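Below: the structure, in structure tokens.
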Amino acid sequence: MTASAKKRLHLQAETLTVEALIREIKRGLIRVPDFQRPLRWESGDVKLFFDSIYQGYPVGSFLMRRAYAPASVIRYGSVRVDAPESNSALWVVDGQQRLTALAAGLARDKEMPATPDDPWVLYFDAKEQVFHVPPRSGVFPSTWVPVTQLLDASTLSEWVFNWKHAKDSDLRKSVFEAGARIRQYEVPLYVVETGDEKLLRDIFYRINDSGKKMKWEDIHDALFGRKSDEPSTLSGLADELKALGIGRPSEDQLLSAIIAFKGLDATRSISEHYRRDPEILRDAVSEALPALRQVLIFLKTHAEIPHLRLLPRSLPFFILTKFFGLYPEPNSRTITLLVRWTWRTLLGIKSVDERTLLRHSLDAIEGKEPEKTMQKLLGQIPRTKGLDYTLPPRFDARAADSRIILVALSSLHPLHPENEKPIDIAELIEEYDLNAFRKIISVGTEATYEPSNRILLPPSVKGARKELVDLINREGSDSEVLKSHCIDQNAAELLKYGKFNEFLSCRGKLLMEIVDSFGSRLAAWGISDRPSIRYILQQTGDDE
């Protein structure tokens with residue numbers, strides 16, 4: 001840090017008790033920037049956090065920036081704070097999850113839910129002296145005390161007086177001690193007074209290098225304001241890309257893709273890269289936007305992946321971002337080979353370490369000749385087909401094998417049983433998410449959990465099986481609609497007469513054939529991967 005930077009930095013170190021911290025939150029003097037994103041902590045994180053405070057363990061410090069804040073409504077879970085205008089509000093730079101856990105857990109005005117309706121609901125077991133998330137049944141021992149009662153000593157005394165176990169001295173002592181430990185726990189606080197973004201970012205990365213980290217991109221706009229019409233945060237970038245109709249990329253996907261776009265090692269964390277060069281990601285979000293647009297258009301139009309929810313693995317997403325960043329206008333032959341590379345990667349890398357392949361592939365993308373680079377990429381993955389595809393034993397929408405099945409089903413251009421119109425798979429997934437991957441048979445044997453029992457179809461009151469059987473009765477078992485859902489005449493007859501296990505076995509074989517046919521068409525196993533004729537002539541010097 002330079003001498004001039006040191007002069008601009010006013011750092012105040014202090015400690016506040018949890019009780020005092022909550023008091024400042026209620027006054028609206030502590031502000032959490034609007035990240036336009038969900039909080040990352042789950043019930044287990046909140047439980048562990050409160051237990052650490054109770055045990056007196058360190059829970060980390062808070063980093064805040066003192067600055068002007070307009071009057072606004074702030075929400076911490078179910079807690080609402082009407083914050084007045086302030087010239088010296090404390091904006092949270094690091095500590096959002098912990099601050100929200102304290103505010104939403106202790107300062108709740110509404111009655112405590114008896115079920116885990118949100119991650120901030122917590123109870124203290126006076127008998128066992130541990131914290132619990134309420135069970136889904138809503139039934140728990142009478143020795144459990146809502147943590148909201150622990151914040152104020154007088155409120156707690158009144159509550160205990162009316163408690164079922166008020167006459168049990170050991171339980172009373174346990175509750176009062178828990179309240180004192182929580183209220184009096186001292187939290188380290190660092191307050192920075194600076195308008196220097198680079199300086200604040202430097203401090204942020206140095207202290208924010210473990211656990212469920214926030215990202216600087218998530219808070220930049222909230223603290224310093226938007227500087228252009230282009231998205232400058234990961235959430236803004238994701239929203240921008242969602243408009244392309246192939247889904248909203250996750251922010252983790254985007255961060256790794258941007259790291260790859262910048263020519264860095266996408267297997268390493270952003271903090272590692274930042275330590276080497278604090279300026280490495282400046283303007284990277286807006287710079288990567290055109291390449292990311294091309295990646296999504298390529299995946300949907302050429303690789304025939306209708307929605308990111310069906311992308312079997314993220315690895316091609318990262319590599320394609322660097323490729324289109326360096327080569328924004330590849331020729332048609334390169335696009336054809338890029339499709340082959342994508343699907344050979346998705347289908348044939350089970351025996352390859354993905355991190356190693358990612359690094360080597362990113363290293364191969366260099367120079368001014370996209371066709372030469374394309375040959376390098378193809379050379380790192382199998383060019384011939386391996387073993388035939390086999391169905392996984394259970395369907396899992398998060399697993400690569402199950403997603404490959406869904407992409408193959410999408411390639412059949414499924415029709416709606418009611419009106420026989422094409423189903424827009426991207427719209428279907430956007431509207432219904434996991435409910436777009438419906439079970440055909442909802443009850444029955446273990447076989448109903450197999451991929452052969454899934455169909456791409458909007459939910460209905462009837463149920464998928466009833467819809468299909470009605471179609472069979474109406475149009476026969478050789479319907480084009482049935483074929484568009486990978487159900488041939490034999491499978492249709494089995495479904496119609498309730499022979500469910502036989503139906504699923506029959507459809508399972510059909511699915512494997514569809515996946516094999518789809519994969520062979522796009523991966524083009526064993527077909528020559530020569531570059532374009534023009535490129536070959538250029539290399540031999542025969543192009544005039």
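Quick note on naming: the chains in the structure tokens go A, B, ... in the order shown, residues restart at 1 in each chain, and ligands are numbered from 1 in order of appearance.
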
* Mind the document's chain letters and residue numbers, and return as number ranges by chain the residues of range 36-263 of chain A that DSSP labels alpha helix (DSSP H). => A: 43-55, 96-106, 153-161, 169-184, 197-207, 216-224, 234-242, 251-261

* For Leu310 in chain A: contacts at 8 Å, only C-alpha atoms, fewer than 5 positions along chain excluded, given as a ChimeraX atom specification -> /A:305,403-404,406-407

* Asked: Could you name the residues that touch Phe131 in chain A at 8 Å or less, counting only C-alpha atoms, but leaving out those on the same chain fewer than 5 positions away, as a PyMOL selection string?
  -> chain A and resi 47+50-51+122-125

* **Shell of 12 Å around range 107-116 of chain A, only C-alpha atoms, local chain residues under 5 positions omitted, as a ChimeraX atom specification** => /A:18-19,21-26,42-44,75-81,99-102,121-123,132-142,144-152,183

* Asked: Hey, can you check how far CA of Ala67 in chain A sits from CA of Ser88 in chain A?
  ->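 That distance, rounded to one decimal, is 5.1 Å.
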
* Backbone DSSP call of strand (DSSP E or B) for range 372-502 of chain A, listed as a PyMOL selection string -> chain A and resi 415+422+437-439+454-456

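Distances from A:Val191, A:Ala436, A:Leu234, A:Val73 to Ser460 in chain A were compared using only C-alpha atoms, and the smallest one belongs to A:Ala436.
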
* Asked: Hey, what's within 9 Å of Asn490 in chain A if we count only C-alpha atoms and toss same-chain stuff fewer than 5 positions away? As a ChimeraX atom specification, please?
  -> /A:477-478,495,503,506

Give me a file of those residues, with N, CA and C atoms, as a compact mmCIF listing (two decimals), in the first residue's frame.
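Result saved to result_13.txt:
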```txt
# COMPACT_ATOMS: atom_id res chain seq x y z
N SER A 477 -51.91 -46.37 -30.75
CA SER A 477 -50.59 -46.51 -30.11
C SER A 477 -49.44 -46.15 -31.04
N ASP A 478 -49.75 -45.78 -32.28
CA ASP A 478 -48.69 -45.41 -33.23
C ASP A 478 -48.69 -43.91 -33.50
N LEU A 495 -48.12 -49.52 -21.68
CA LEU A 495 -48.59 -48.46 -20.78
C LEU A 495 -50.11 -48.48 -20.69
N PHE A 503 -43.32 -51.62 -19.47
CA PHE A 503 -43.28 -50.35 -20.21
C PHE A 503 -41.96 -49.62 -19.96
N CYS A 506 -39.06 -51.35 -21.65
CA CYS A 506 -39.10 -51.12 -23.09
C CYS A 506 -38.66 -49.70 -23.43
```

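If you measure from each of A:Glu329, A:Asp401, A:Glu177, A:Glu193 to Glu371 in chain A using only C-alpha atoms, the closest one turns out to be A:Glu329.
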
* To do: Find the distance between CA of Asn162 in chain A and CA of Ser174 in chain A and write it in Å to one decimal.
  => 15.9 Å

* What is the distance, in Å and to one decimal place, between CA of Ser528 in chain A and CA of Thr334 in chain A? ->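 Pair CA of Ser528 in chain A / CA of Thr334 in chain A returns 13.0 Å.
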
* To do: Fewer than 4 positions away in the same chain doesn't count, so skip those; otherwise give me all residues within 10 Å of Lys483 in chain A, counting only C-alpha atoms, as an MDAnalysis selection string.
  => chainID A and resid 412:415 477:479 487:489 492

Write a file of the just-selected residues containing N, CA, C and O atoms, as a PDB file, in the first residue's frame.
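out.pdb written:
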```
ATOM      1  N   LEU A 412     -36.026 -34.819 -29.935  1.00  0.00           N
ATOM      2  CA  LEU A 412     -37.157 -35.427 -30.644  1.00  0.00           C
ATOM      3  C   LEU A 412     -38.261 -34.412 -30.935  1.00  0.00           C
ATOM      4  O   LEU A 412     -39.258 -34.754 -31.561  1.00  0.00           O
ATOM      5  N   HIS A 413     -38.082 -33.185 -30.453  1.00  0.00           N
ATOM      6  CA  HIS A 413     -39.072 -32.112 -30.622  1.00  0.00           C
ATOM      7  C   HIS A 413     -40.448 -32.558 -30.122  1.00  0.00           C
ATOM      8  O   HIS A 413     -41.404 -32.699 -30.895  1.00  0.00           O
ATOM      9  N   PRO A 414     -40.546 -32.792 -28.808  1.00  0.00           N
ATOM     10  CA  PRO A 414     -41.782 -33.340 -28.238  1.00  0.00           C
ATOM     11  C   PRO A 414     -43.010 -32.473 -28.500  1.00  0.00           C
ATOM     12  O   PRO A 414     -42.936 -31.238 -28.498  1.00  0.00           O
ATOM     13  N   LEU A 415     -44.145 -33.161 -28.707  1.00  0.00           N
ATOM     14  CA  LEU A 415     -45.421 -32.510 -28.969  1.00  0.00           C
ATOM     15  C   LEU A 415     -46.335 -32.642 -27.758  1.00  0.00           C
ATOM     16  O   LEU A 415     -46.233 -33.603 -26.992  1.00  0.00           O
ATOM     17  N   SER A 477     -51.907 -46.370 -30.745  1.00  0.00           N
ATOM     18  CA  SER A 477     -50.591 -46.512 -30.114  1.00  0.00           C
ATOM     19  C   SER A 477     -49.435 -46.155 -31.041  1.00  0.00           C
ATOM     20  O   SER A 477     -48.278 -46.234 -30.642  1.00  0.00           O
ATOM     21  N   ASP A 478     -49.750 -45.776 -32.285  1.00  0.00           N
ATOM     22  CA  ASP A 478     -48.686 -45.413 -33.231  1.00  0.00           C
ATOM     23  C   ASP A 478     -48.686 -43.909 -33.500  1.00  0.00           C
ATOM     24  O   ASP A 478     -48.263 -43.460 -34.553  1.00  0.00           O
ATOM     25  N   SER A 479     -49.131 -43.141 -32.507  1.00  0.00           N
ATOM     26  CA  SER A 479     -49.260 -41.689 -32.664  1.00  0.00           C
ATOM     27  C   SER A 479     -47.897 -41.009 -32.804  1.00  0.00           C
ATOM     28  O   SER A 479     -46.915 -41.397 -32.161  1.00  0.00           O
ATOM     29  N   ILE A 487     -41.813 -43.012 -27.178  1.00  0.00           N
ATOM     30  CA  ILE A 487     -42.730 -44.097 -26.833  1.00  0.00           C
ATOM     31  C   ILE A 487     -43.204 -44.726 -28.146  1.00  0.00           C
ATOM     32  O   ILE A 487     -43.967 -44.097 -28.903  1.00  0.00           O
ATOM     33  N   ASP A 488     -42.714 -45.932 -28.439  1.00  0.00           N
ATOM     34  CA  ASP A 488     -43.129 -46.582 -29.681  1.00  0.00           C
ATOM     35  C   ASP A 488     -44.432 -47.358 -29.467  1.00  0.00           C
ATOM     36  O   ASP A 488     -45.030 -47.330 -28.374  1.00  0.00           O
ATOM     37  N   GLN A 489     -44.864 -48.052 -30.496  1.00  0.00           N
ATOM     38  CA  GLN A 489     -46.145 -48.734 -30.445  1.00  0.00           C
ATOM     39  C   GLN A 489     -46.184 -49.793 -29.354  1.00  0.00           C
ATOM     40  O   GLN A 489     -47.165 -49.914 -28.616  1.00  0.00           O
ATOM     41  N   ALA A 492     -46.347 -48.148 -25.949  1.00  0.00           N
ATOM     42  CA  ALA A 492     -47.661 -47.555 -25.748  1.00  0.00           C
ATOM     43  C   ALA A 492     -48.683 -48.598 -25.308  1.00  0.00           C
ATOM     44  O   ALA A 492     -49.510 -48.344 -24.412  1.00  0.00           O
TER      45      ALA A 492
END
```

* If we count only C-alpha atoms, what is near Asp388 in chain A at a cut-off of 12 Å, once residues fewer than 5 positions away on the same chain are taken out, given as a list in words? -> Leu347, Gly348, Lys509, Met512, Glu513, Ile514, Val515, Asp516, Ser517, Gly519 and Ser520 of chain A

* Structure fact -> Min atom-atom distance to Leu189 in chain A from the set A:Glu240, A:Asp94, A:Glu251, A:Glu128, counting only C-alpha atoms, belongs to A:Asp94
